[in-house]
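In what follows, a structure is listed as structure tokens, so that the remarks can point back to it.
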Amino acid sequence: MNLSRVFAFVIGAVLLQVLFARYLIGGRIAFDLVLVGVVLVSLQAGAVGGMLAGTLGGLLHDVAAGGVVGIGGLLKTLIGFMTGAFGTQFVVAKPYARAMIVGAATVIHGFMAIGLQAVIGQHWPGIVWTSILQEVAINAVAGYVALYLTDAVPGAMARNRSRQRSAWGRRQW
Amino acid sequence: MLSGRRTLTLLLLLCLGHILLISSQVQSGRGQTALNSATLGTMATLQGGVAGLTDGIGRIWTNYFGLVGASRENEELRNRVLELEGKLQAEQARSERASALEGLLNLQKSLVAPTLAARVIAGNPKPGALPVTIDRGKSDGVTANMAIITGRGVVGRVIGAPSAHAARVQLLAGESAAAGAVIERTTTAGMVQGGYADGKLRMDFVSSAAQIVVGDRVVTSGQDGIYPQGFLIGHVSEVKGTGKTREIVVVPAVDFSYIEVVLVVLARPGTSPDGKQ
């Protein structure tokens, strides 16, 4: 995966997160498509790609959300590095296994975010397990769907192209 | 790609850069307001489009497919309107009496602040963060720190510089949100604060001698210069401990998960609608 693809994937994830922010009103439900994008990219591109994806995705996410810029950047850089390093050590090819890594990354990201918030704001907000578990579930499903689409769409397009080509070849002029 | 040592060096450099960026904002006490304001406008346009689309689909569902039980609901609403009309008559009579008394006592007339209806078009892209975006901004006369309310009670205040057609609203249950408050029954003053994971508010700086009971109504005091006086914040749901360590838990009157239309109060307490003191 080259750098431009990494950045395009991450920018797409940030855009989707901004567009679906309507469903995040008042903490009704929680999901982080930017984190999903960073984890999927880092599993594909390794630790360096993951770090760069995390930095870009996190900073863009911070700017879009308002408030202190850099918190999301720092957290997602670390997550990108960790999952990228994990992905280079162990072969994680199956979509469900990758979705599980997305879920695990969501838990780690959530705890790191709470810790960092406590350090910066000097206020312990508390942990809501139901909210964390719900975010884990949605992120894992989103990761699974994204992987399925990235695997299936290029193949389907190629099949469609070859079918068209062969149909043109058979046609009698 | 890079060797192990180079990767670690890059990670350290990136982390250091982020930490410097965070500390520069935490020390100055403000974020990158110009950048935030610029992105808010762009995002609000996209989010407004998505909100319009989803609302449109929702309306089609409600208007054409979800009509089961509409006649029963209609009957209930008619009864409710009758009941509210009666209450309105009583309130109008009371308001006229109060106005006449103010005239008799040569008091300044109570100022009824003008309001502006706004639609909530998006939550915060960061999961767990509570600020929402409304579709009214600078061009509608919205400025920072204006109070946001609904028929049920106080929602929050405008934070940061609004863009032309959008503004960001900090919910009262959000991190570092606060409002001057009084317990209506005893007129005990205090401050209501948000930022707790359970979504409930806490009332602090309350005299330890004050008798607070579960169910007490908590309303705005108007002393903070943001929220107009007398708007419902919530009800006391729990009083833990005694004396100085007492914790007063307040359940907000507004369900922050389901706010669709809000009112922007276009004047601050103690100012006229044109902003004069």
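In the structure tokens, chains take letters A, B, ... by order of appearance, with residues numbered from 1 within each chain and ligands from 1 in the order shown.
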
Next on the checklist: With only C-alpha atoms as the counted atoms, please give the residues lying no more than 12 Å from Lys94 of chain A, apart from itself and same-chain residues fewer than 6 positions off, as a ChimeraX atom specification.
Outcome noted: /A:43,100-101,143-144,147-148,151

Could the residues in this selection be written to a file with all heavy atoms, as a short mmCIF file (atom, residue, chain, number, x, y, z; two decimals), in the first residue's frame?
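Result file follows (selection18.cif):
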```cif
data_model
loop_
_atom_site.label_atom_id
_atom_site.label_comp_id
_atom_site.auth_asym_id
_atom_site.auth_seq_id
_atom_site.Cartn_x
_atom_site.Cartn_y
_atom_site.Cartn_z
N LEU A 43 -2.65 -2.56 9.42
CA LEU A 43 -2.51 -4.01 9.23
C LEU A 43 -1.99 -4.32 7.82
O LEU A 43 -1.31 -5.31 7.59
CB LEU A 43 -3.85 -4.71 9.45
CG LEU A 43 -4.31 -4.83 10.91
CD1 LEU A 43 -5.71 -5.40 10.98
CD2 LEU A 43 -3.36 -5.68 11.73
N MET A 100 -11.63 -8.42 14.80
CA MET A 100 -11.34 -8.58 16.23
C MET A 100 -10.21 -7.64 16.66
O MET A 100 -10.22 -7.08 17.76
CB MET A 100 -10.97 -10.03 16.54
CG MET A 100 -12.20 -10.90 16.78
SD MET A 100 -11.83 -12.64 16.83
CE MET A 100 -10.83 -12.75 18.28
N ILE A 101 -9.24 -7.44 15.79
CA ILE A 101 -8.15 -6.51 16.12
C ILE A 101 -8.69 -5.08 16.19
O ILE A 101 -8.28 -4.29 17.05
CB ILE A 101 -7.00 -6.65 15.09
CG1 ILE A 101 -6.33 -8.00 15.31
CG2 ILE A 101 -5.99 -5.52 15.23
CD1 ILE A 101 -5.28 -8.35 14.33
N GLY A 143 -15.40 -2.42 10.52
CA GLY A 143 -14.13 -2.95 10.00
C GLY A 143 -14.36 -4.14 9.10
O GLY A 143 -13.75 -4.25 8.02
N TYR A 144 -15.24 -5.03 9.53
CA TYR A 144 -15.55 -6.23 8.75
C TYR A 144 -16.15 -5.85 7.40
O TYR A 144 -15.74 -6.36 6.35
CB TYR A 144 -16.53 -7.12 9.53
CG TYR A 144 -16.76 -8.46 8.91
CD1 TYR A 144 -15.93 -9.54 9.21
CD2 TYR A 144 -17.80 -8.66 8.01
CE1 TYR A 144 -16.14 -10.77 8.62
CE2 TYR A 144 -18.01 -9.89 7.42
CZ TYR A 144 -17.17 -10.94 7.73
OH TYR A 144 -17.37 -12.16 7.14
N LEU A 147 -13.53 -4.24 5.14
CA LEU A 147 -12.62 -5.26 4.58
C LEU A 147 -13.30 -6.06 3.48
O LEU A 147 -12.70 -6.34 2.44
CB LEU A 147 -12.19 -6.22 5.69
CG LEU A 147 -11.00 -5.76 6.50
CD1 LEU A 147 -10.83 -6.65 7.71
CD2 LEU A 147 -9.76 -5.78 5.64
N TYR A 148 -14.55 -6.40 3.74
CA TYR A 148 -15.31 -7.18 2.75
C TYR A 148 -15.41 -6.39 1.45
O TYR A 148 -15.18 -6.93 0.36
CB TYR A 148 -16.70 -7.49 3.31
CG TYR A 148 -17.55 -8.29 2.37
CD1 TYR A 148 -17.38 -9.67 2.26
CD2 TYR A 148 -18.50 -7.66 1.56
CE1 TYR A 148 -18.15 -10.40 1.37
CE2 TYR A 148 -19.27 -8.40 0.67
CZ TYR A 148 -19.08 -9.76 0.58
OH TYR A 148 -19.82 -10.48 -0.31
N ASP A 151 -12.08 -6.04 -0.33
CA ASP A 151 -11.69 -7.31 -0.98
C ASP A 151 -12.59 -7.61 -2.17
O ASP A 151 -12.12 -8.05 -3.22
CB ASP A 151 -11.80 -8.47 0.03
CG ASP A 151 -10.63 -8.46 0.99
OD1 ASP A 151 -9.69 -7.68 0.75
OD2 ASP A 151 -10.67 -9.20 1.99
#
```

Next on the checklist: Please list as a PyMOL selection string every residue within 10 Å of Ala167 of chain B, counting only C-alpha atoms and excluding residues in the same chain fewer than 5 positions away.
Outcome noted: chain B and resi 37+40-41+44+118+120+132-138+142-144+157-162

Checklist entry - Of the candidates B:Leu46, B:Ala178, B:Ile183, B:Ala173, which shows the shortest atom-to-atom distance to Gly225 of chain B, using only C-alpha atoms? => result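 Of B:Leu46, B:Ala178, B:Ile183, B:Ala173, the one nearest Gly225 of chain B, counting only C-alpha atoms, is B:Ala178.
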
Next on the checklist: Considering only alpha helix (DSSP H) as DSSP defines it on the backbone, what residues of segment 31-190 of chain B qualify? List them as a PyMOL selection string.
Outcome noted: chain B and resi 33-60+70-104

Next on the checklist: Env of Leu171 of chain B: 9 Å cut, atoms = only C-alpha atoms, seq-sep filter 4 positions within chain, self excluded. Answer as a ChimeraX atom specification.
Outcome noted: /A:26 /B:130-132,148,154-158,175,177,194,256

Output N, CA and C atoms of each residue in that selection to a file, as a CSV table (one decimal), in the first residue's frame.
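Result file follows (selection-v9.csv):
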```
chain,number,residue,atom,x,y,z
A,26,GLY,N,-25.5,13.6,21.5
A,26,GLY,CA,-25.8,13.3,23.0
A,26,GLY,C,-25.2,11.9,23.4
B,130,LEU,N,-19.7,15.6,23.7
B,130,LEU,CA,-21.1,15.9,23.6
B,130,LEU,C,-21.5,17.1,22.7
B,131,PRO,N,-20.5,18.1,22.4
B,131,PRO,CA,-21.0,19.3,21.7
B,131,PRO,C,-21.8,18.9,20.4
B,132,VAL,N,-22.8,19.7,20.1
B,132,VAL,CA,-23.6,19.4,18.8
B,132,VAL,C,-23.5,20.7,17.9
B,148,ILE,N,-28.8,28.2,25.0
B,148,ILE,CA,-29.6,27.3,24.1
B,148,ILE,C,-30.6,26.6,25.1
B,154,VAL,N,-33.0,23.8,30.0
B,154,VAL,CA,-31.7,24.3,29.5
B,154,VAL,C,-30.9,23.2,28.7
B,155,VAL,N,-30.4,23.6,27.6
B,155,VAL,CA,-29.6,22.6,26.8
B,155,VAL,C,-28.1,22.9,27.0
B,156,GLY,N,-27.7,24.2,26.8
B,156,GLY,CA,-26.3,24.5,26.9
B,156,GLY,C,-26.0,25.9,26.4
B,157,ARG,N,-24.8,26.1,25.8
B,157,ARG,CA,-24.5,27.5,25.3
B,157,ARG,C,-23.6,27.3,24.1
B,158,VAL,N,-23.6,28.4,23.3
B,158,VAL,CA,-22.8,28.4,22.1
B,158,VAL,C,-21.3,28.6,22.5
B,175,GLU,N,-18.4,18.0,29.1
B,175,GLU,CA,-17.2,18.3,29.9
B,175,GLU,C,-17.0,19.8,30.1
B,177,ALA,N,-18.8,22.0,31.4
B,177,ALA,CA,-19.9,22.8,31.3
B,177,ALA,C,-20.5,23.1,32.7
B,194,GLY,N,-21.4,19.7,34.6
B,194,GLY,CA,-21.5,18.5,33.8
B,194,GLY,C,-20.2,17.8,33.7
B,256,PHE,N,-30.6,14.8,26.4
B,256,PHE,CA,-29.6,15.3,25.4
B,256,PHE,C,-29.4,14.4,24.2
```

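For chain A, the residues within 6 Å of chain B are A:Gln17, A:Val18, A:Leu19, A:Ala21, A:Arg22, A:Leu24, A:Ile25, A:Gly26, A:Gly27, A:Arg28, A:Ala30, A:Phe31, A:Ala65, A:Gly66, A:Gly67, A:Val68, A:Gly70, A:Leu74, A:Pro125, A:Gly126, with only C-alpha atoms used to measure distance.
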
With N, CA, C and O atoms retained, export the selected residues as a PDB file, in the first residue's frame.
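again00.pdb, written as the output of this step:
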```pdb
ATOM      1  N   GLN A  17     -16.880   9.764   8.979  1.00  0.00           N
ATOM      2  CA  GLN A  17     -17.145  10.031  10.398  1.00  0.00           C
ATOM      3  C   GLN A  17     -17.874  11.368  10.564  1.00  0.00           C
ATOM      4  O   GLN A  17     -18.819  11.476  11.339  1.00  0.00           O
ATOM      5  N   VAL A  18     -17.441  12.382   9.791  1.00  0.00           N
ATOM      6  CA  VAL A  18     -18.084  13.707   9.865  1.00  0.00           C
ATOM      7  C   VAL A  18     -19.528  13.618   9.357  1.00  0.00           C
ATOM      8  O   VAL A  18     -20.440  14.175   9.947  1.00  0.00           O
ATOM      9  N   LEU A  19     -19.724  12.891   8.259  1.00  0.00           N
ATOM     10  CA  LEU A  19     -21.075  12.793   7.681  1.00  0.00           C
ATOM     11  C   LEU A  19     -22.038  12.018   8.581  1.00  0.00           C
ATOM     12  O   LEU A  19     -23.207  12.350   8.669  1.00  0.00           O
ATOM     13  N   ALA A  21     -21.909  11.962  11.768  1.00  0.00           N
ATOM     14  CA  ALA A  21     -21.920  12.554  13.121  1.00  0.00           C
ATOM     15  C   ALA A  21     -23.334  12.837  13.613  1.00  0.00           C
ATOM     16  O   ALA A  21     -23.557  13.027  14.797  1.00  0.00           O
ATOM     17  N   ARG A  22     -24.291  12.854  12.696  1.00  0.00           N
ATOM     18  CA  ARG A  22     -25.691  13.071  13.085  1.00  0.00           C
ATOM     19  C   ARG A  22     -26.156  12.013  14.085  1.00  0.00           C
ATOM     20  O   ARG A  22     -27.011  12.275  14.912  1.00  0.00           O
ATOM     21  N   LEU A  24     -24.372  10.680  16.370  1.00  0.00           N
ATOM     22  CA  LEU A  24     -23.571  10.716  17.604  1.00  0.00           C
ATOM     23  C   LEU A  24     -24.110  11.742  18.594  1.00  0.00           C
ATOM     24  O   LEU A  24     -23.475  12.029  19.594  1.00  0.00           O
ATOM     25  N   ILE A  25     -25.305  12.315  18.315  1.00  0.00           N
ATOM     26  CA  ILE A  25     -25.843  13.377  19.173  1.00  0.00           C
ATOM     27  C   ILE A  25     -26.076  12.860  20.583  1.00  0.00           C
ATOM     28  O   ILE A  25     -26.742  11.846  20.777  1.00  0.00           O
ATOM     29  N   GLY A  26     -25.531  13.601  21.546  1.00  0.00           N
ATOM     30  CA  GLY A  26     -25.753  13.282  22.960  1.00  0.00           C
ATOM     31  C   GLY A  26     -25.212  11.927  23.381  1.00  0.00           C
ATOM     32  O   GLY A  26     -25.636  11.386  24.391  1.00  0.00           O
ATOM     33  N   GLY A  27     -24.272  11.374  22.619  1.00  0.00           N
ATOM     34  CA  GLY A  27     -23.697  10.082  22.979  1.00  0.00           C
ATOM     35  C   GLY A  27     -24.685   8.925  22.839  1.00  0.00           C
ATOM     36  O   GLY A  27     -24.558   7.903  23.508  1.00  0.00           O
ATOM     37  N   ARG A  28     -25.708   9.094  21.970  1.00  0.00           N
ATOM     38  CA  ARG A  28     -26.732   8.066  21.748  1.00  0.00           C
ATOM     39  C   ARG A  28     -26.051   6.746  21.375  1.00  0.00           C
ATOM     40  O   ARG A  28     -26.289   5.727  21.961  1.00  0.00           O
ATOM     41  N   ALA A  30     -22.006   5.299  19.766  1.00  0.00           N
ATOM     42  CA  ALA A  30     -20.618   5.737  19.570  1.00  0.00           C
ATOM     43  C   ALA A  30     -19.926   4.843  18.552  1.00  0.00           C
ATOM     44  O   ALA A  30     -20.084   3.626  18.579  1.00  0.00           O
ATOM     45  N   PHE A  31     -19.225   5.469  17.626  1.00  0.00           N
ATOM     46  CA  PHE A  31     -18.382   4.726  16.681  1.00  0.00           C
ATOM     47  C   PHE A  31     -17.253   5.642  16.239  1.00  0.00           C
ATOM     48  O   PHE A  31     -17.371   6.859  16.326  1.00  0.00           O
ATOM     49  N   ALA A  65     -13.574  17.908  15.120  1.00  0.00           N
ATOM     50  CA  ALA A  65     -14.355  17.825  16.356  1.00  0.00           C
ATOM     51  C   ALA A  65     -14.273  19.093  17.191  1.00  0.00           C
ATOM     52  O   ALA A  65     -15.100  19.314  18.065  1.00  0.00           O
ATOM     53  N   GLY A  66     -13.293  19.956  16.943  1.00  0.00           N
ATOM     54  CA  GLY A  66     -13.104  21.136  17.786  1.00  0.00           C
ATOM     55  C   GLY A  66     -12.374  20.732  19.060  1.00  0.00           C
ATOM     56  O   GLY A  66     -12.157  19.562  19.317  1.00  0.00           O
ATOM     57  N   GLY A  67     -12.018  21.719  19.880  1.00  0.00           N
ATOM     58  CA  GLY A  67     -11.304  21.422  21.126  1.00  0.00           C
ATOM     59  C   GLY A  67      -9.812  21.304  20.898  1.00  0.00           C
ATOM     60  O   GLY A  67      -9.276  21.857  19.930  1.00  0.00           O
ATOM     61  N   VAL A  68      -9.162  20.569  21.774  1.00  0.00           N
ATOM     62  CA  VAL A  68      -7.692  20.491  21.727  1.00  0.00           C
ATOM     63  C   VAL A  68      -7.259  19.602  20.558  1.00  0.00           C
ATOM     64  O   VAL A  68      -7.650  18.437  20.481  1.00  0.00           O
ATOM     65  N   GLY A  70      -4.591  17.417  18.664  1.00  0.00           N
ATOM     66  CA  GLY A  70      -3.382  16.663  18.972  1.00  0.00           C
ATOM     67  C   GLY A  70      -3.667  15.427  19.815  1.00  0.00           C
ATOM     68  O   GLY A  70      -2.908  14.463  19.760  1.00  0.00           O
ATOM     69  N   LEU A  74      -2.217  11.919  18.730  1.00  0.00           N
ATOM     70  CA  LEU A  74      -1.280  11.145  19.556  1.00  0.00           C
ATOM     71  C   LEU A  74      -1.796   9.713  19.758  1.00  0.00           C
ATOM     72  O   LEU A  74      -1.059   8.744  19.551  1.00  0.00           O
ATOM     73  N   PRO A 125     -13.331  11.255  34.374  1.00  0.00           N
ATOM     74  CA  PRO A 125     -14.728  11.240  33.920  1.00  0.00           C
ATOM     75  C   PRO A 125     -15.468   9.944  34.243  1.00  0.00           C
ATOM     76  O   PRO A 125     -16.670   9.891  34.166  1.00  0.00           O
ATOM     77  N   GLY A 126     -14.741   8.893  34.571  1.00  0.00           N
ATOM     78  CA  GLY A 126     -15.393   7.600  34.843  1.00  0.00           C
ATOM     79  C   GLY A 126     -15.484   6.767  33.570  1.00  0.00           C
ATOM     80  O   GLY A 126     -15.301   7.281  32.461  1.00  0.00           O
TER      81      GLY A 126
END
```

Checklist entry - Running DSSP on the backbone, which parts of segment 53-238 of chain B land in strand (DSSP E or B), as a ChimeraX atom specification? => result /B:115-122,132-134,147-149,154-159,167-171,178-183,188-193,201-204,217-220,232-238

Save the residues we just selected, N, CA and C atoms, as a short mmCIF file (atom, residue, chain, number, x, y, z; two decimals), in the first residue's frame?
```
data_model
loop_
_atom_site.label_atom_id
_atom_site.label_comp_id
_atom_site.auth_asym_id
_atom_site.auth_seq_id
_atom_site.Cartn_x
_atom_site.Cartn_y
_atom_site.Cartn_z
N THR B 115 -35.93 34.88 21.02
CA THR B 115 -35.28 33.58 20.74
C THR B 115 -35.35 33.27 19.25
N LEU B 116 -34.54 32.34 18.85
CA LEU B 116 -34.46 31.95 17.45
C LEU B 116 -34.44 30.41 17.39
N ALA B 117 -35.33 29.83 16.60
CA ALA B 117 -35.36 28.36 16.51
C ALA B 117 -34.20 27.87 15.64
N ALA B 118 -33.59 26.79 16.04
CA ALA B 118 -32.48 26.21 15.28
C ALA B 118 -32.61 24.69 15.28
N ARG B 119 -32.08 24.09 14.23
CA ARG B 119 -32.14 22.63 14.10
C ARG B 119 -30.76 22.04 14.44
N VAL B 120 -30.76 20.97 15.20
CA VAL B 120 -29.49 20.29 15.50
C VAL B 120 -29.15 19.41 14.31
N ILE B 121 -28.05 19.74 13.63
CA ILE B 121 -27.74 19.00 12.40
C ILE B 121 -26.70 17.89 12.60
N ALA B 122 -25.93 17.97 13.68
CA ALA B 122 -24.94 16.91 13.89
C ALA B 122 -24.45 16.88 15.32
N VAL B 132 -22.78 19.67 20.07
CA VAL B 132 -23.55 19.43 18.85
C VAL B 132 -23.46 20.67 17.95
N THR B 133 -23.86 20.51 16.71
CA THR B 133 -23.83 21.63 15.76
C THR B 133 -25.25 22.02 15.41
N ILE B 134 -25.55 23.33 15.43
CA ILE B 134 -26.88 23.81 15.02
C ILE B 134 -26.75 24.58 13.71
N ALA B 147 -27.25 31.42 25.27
CA ALA B 147 -27.86 30.24 25.88
C ALA B 147 -28.74 29.50 24.88
N ILE B 148 -28.78 28.18 25.01
CA ILE B 148 -29.62 27.34 24.15
C ILE B 148 -30.60 26.60 25.06
N ILE B 149 -31.87 26.71 24.74
CA ILE B 149 -32.90 26.08 25.58
C ILE B 149 -33.89 25.29 24.71
N VAL B 154 -32.97 23.80 30.01
CA VAL B 154 -31.71 24.33 29.48
C VAL B 154 -30.94 23.24 28.74
N VAL B 155 -30.42 23.57 27.58
CA VAL B 155 -29.63 22.63 26.79
C VAL B 155 -28.14 22.91 26.95
N GLY B 156 -27.73 24.16 26.77
CA GLY B 156 -26.30 24.49 26.86
C GLY B 156 -26.04 25.89 26.36
N ARG B 157 -24.83 26.12 25.84
CA ARG B 157 -24.47 27.45 25.35
C ARG B 157 -23.61 27.32 24.09
N VAL B 158 -23.59 28.40 23.32
CA VAL B 158 -22.78 28.42 22.09
C VAL B 158 -21.31 28.56 22.50
N ILE B 159 -20.45 27.70 21.94
CA ILE B 159 -19.02 27.83 22.23
C ILE B 159 -18.25 28.13 20.95
N ALA B 167 -23.24 26.86 14.29
CA ALA B 167 -22.57 27.15 15.56
C ALA B 167 -22.45 25.86 16.35
N ARG B 168 -21.42 25.81 17.19
CA ARG B 168 -21.22 24.62 18.01
C ARG B 168 -21.77 24.90 19.40
N VAL B 169 -22.48 23.92 19.94
CA VAL B 169 -23.15 24.10 21.23
C VAL B 169 -22.59 23.11 22.25
N GLN B 170 -22.16 23.66 23.40
CA GLN B 170 -21.71 22.80 24.49
C GLN B 170 -22.93 22.42 25.32
N LEU B 171 -23.19 21.12 25.45
CA LEU B 171 -24.34 20.68 26.25
C LEU B 171 -24.01 20.81 27.73
N ALA B 178 -20.99 24.35 32.90
CA ALA B 178 -21.52 24.73 34.21
C ALA B 178 -22.56 25.83 34.06
N ALA B 179 -23.44 25.95 35.05
CA ALA B 179 -24.45 27.03 35.04
C ALA B 179 -24.78 27.41 36.47
N GLY B 180 -25.02 28.70 36.68
CA GLY B 180 -25.47 29.17 37.99
C GLY B 180 -26.88 28.64 38.22
N ALA B 181 -27.14 28.10 39.41
CA ALA B 181 -28.43 27.46 39.65
C ALA B 181 -28.97 27.76 41.04
N VAL B 182 -30.26 27.58 41.20
CA VAL B 182 -30.88 27.66 42.53
C VAL B 182 -31.87 26.51 42.70
N ILE B 183 -31.98 26.05 43.93
CA ILE B 183 -33.03 25.08 44.25
C ILE B 183 -34.29 25.90 44.42
N THR B 188 -31.91 28.15 47.47
CA THR B 188 -30.49 27.96 47.79
C THR B 188 -29.68 28.00 46.49
N ALA B 189 -28.65 28.85 46.47
CA ALA B 189 -27.86 29.01 45.24
C ALA B 189 -26.72 28.00 45.18
N GLY B 190 -26.25 27.75 43.99
CA GLY B 190 -25.12 26.85 43.80
C GLY B 190 -24.70 26.86 42.34
N MET B 191 -23.92 25.88 41.95
CA MET B 191 -23.50 25.80 40.55
C MET B 191 -23.65 24.36 40.06
N VAL B 192 -24.30 24.21 38.92
CA VAL B 192 -24.50 22.88 38.35
C VAL B 192 -23.39 22.62 37.34
N GLN B 193 -22.79 21.44 37.43
CA GLN B 193 -21.68 21.11 36.52
C GLN B 193 -21.92 19.78 35.80
N LEU B 201 -25.89 15.55 36.24
CA LEU B 201 -25.17 16.76 36.63
C LEU B 201 -24.89 16.71 38.13
N ARG B 202 -23.98 17.53 38.59
CA ARG B 202 -23.71 17.65 40.02
C ARG B 202 -23.86 19.11 40.41
N MET B 203 -24.49 19.35 41.58
CA MET B 203 -24.65 20.73 42.05
C MET B 203 -23.66 20.98 43.18
N ASP B 204 -22.75 21.94 42.94
CA ASP B 204 -21.70 22.24 43.91
C ASP B 204 -21.90 23.64 44.50
N ARG B 217 -36.73 20.87 42.41
CA ARG B 217 -36.48 21.41 41.07
C ARG B 217 -35.27 22.33 41.11
N VAL B 218 -34.38 22.19 40.14
CA VAL B 218 -33.19 23.06 40.05
C VAL B 218 -33.37 23.94 38.82
N VAL B 219 -33.33 25.26 39.02
CA VAL B 219 -33.52 26.19 37.90
C VAL B 219 -32.32 27.13 37.79
N THR B 220 -32.21 27.80 36.65
CA THR B 220 -31.08 28.72 36.46
C THR B 220 -31.25 29.95 37.35
N LEU B 232 -35.71 25.68 33.77
CA LEU B 232 -35.51 24.40 34.47
C LEU B 232 -34.22 23.72 33.99
N ILE B 233 -33.39 23.31 34.96
CA ILE B 233 -32.19 22.54 34.63
C ILE B 233 -32.47 21.06 34.83
N GLY B 234 -33.10 20.73 35.96
CA GLY B 234 -33.42 19.33 36.23
C GLY B 234 -33.97 19.15 37.63
N HIS B 235 -33.96 17.90 38.08
CA HIS B 235 -34.47 17.58 39.42
C HIS B 235 -33.40 16.86 40.21
N VAL B 236 -33.38 17.09 41.53
CA VAL B 236 -32.42 16.40 42.38
C VAL B 236 -32.83 14.93 42.45
N SER B 237 -31.87 14.03 42.11
CA SER B 237 -32.22 12.61 42.12
C SER B 237 -31.57 11.88 43.29
N GLU B 238 -30.54 12.47 43.84
CA GLU B 238 -29.80 11.78 44.91
C GLU B 238 -29.01 12.81 45.70
#
```

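Atom CA of Leu59 of chain A is positioned 6.3 Å from atom CA of Gly72 of chain A.
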
Checklist entry - Could you name the residues that touch Ile79 of chain A at 12 Å or less, counting only C-alpha atoms, but leaving out those on the same chain fewer than 2 positions away, as a PyMOL selection string? => result (chain A and resi 34-43+46-55+57-58+72-77+81-87+101-113) or (chain B and resi 11+15)

Next on the checklist: My list of candidates is A:Thr88, A:Ala64, A:Pro95, A:Leu33. Which is closest to Ala152 of chain A when distances are computed with only C-alpha atoms?
Outcome noted: A:Pro95

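A straight line drawn from atom CA of Phe20 of chain A to atom CA of Val136 of chain A is 16.9 Å long.
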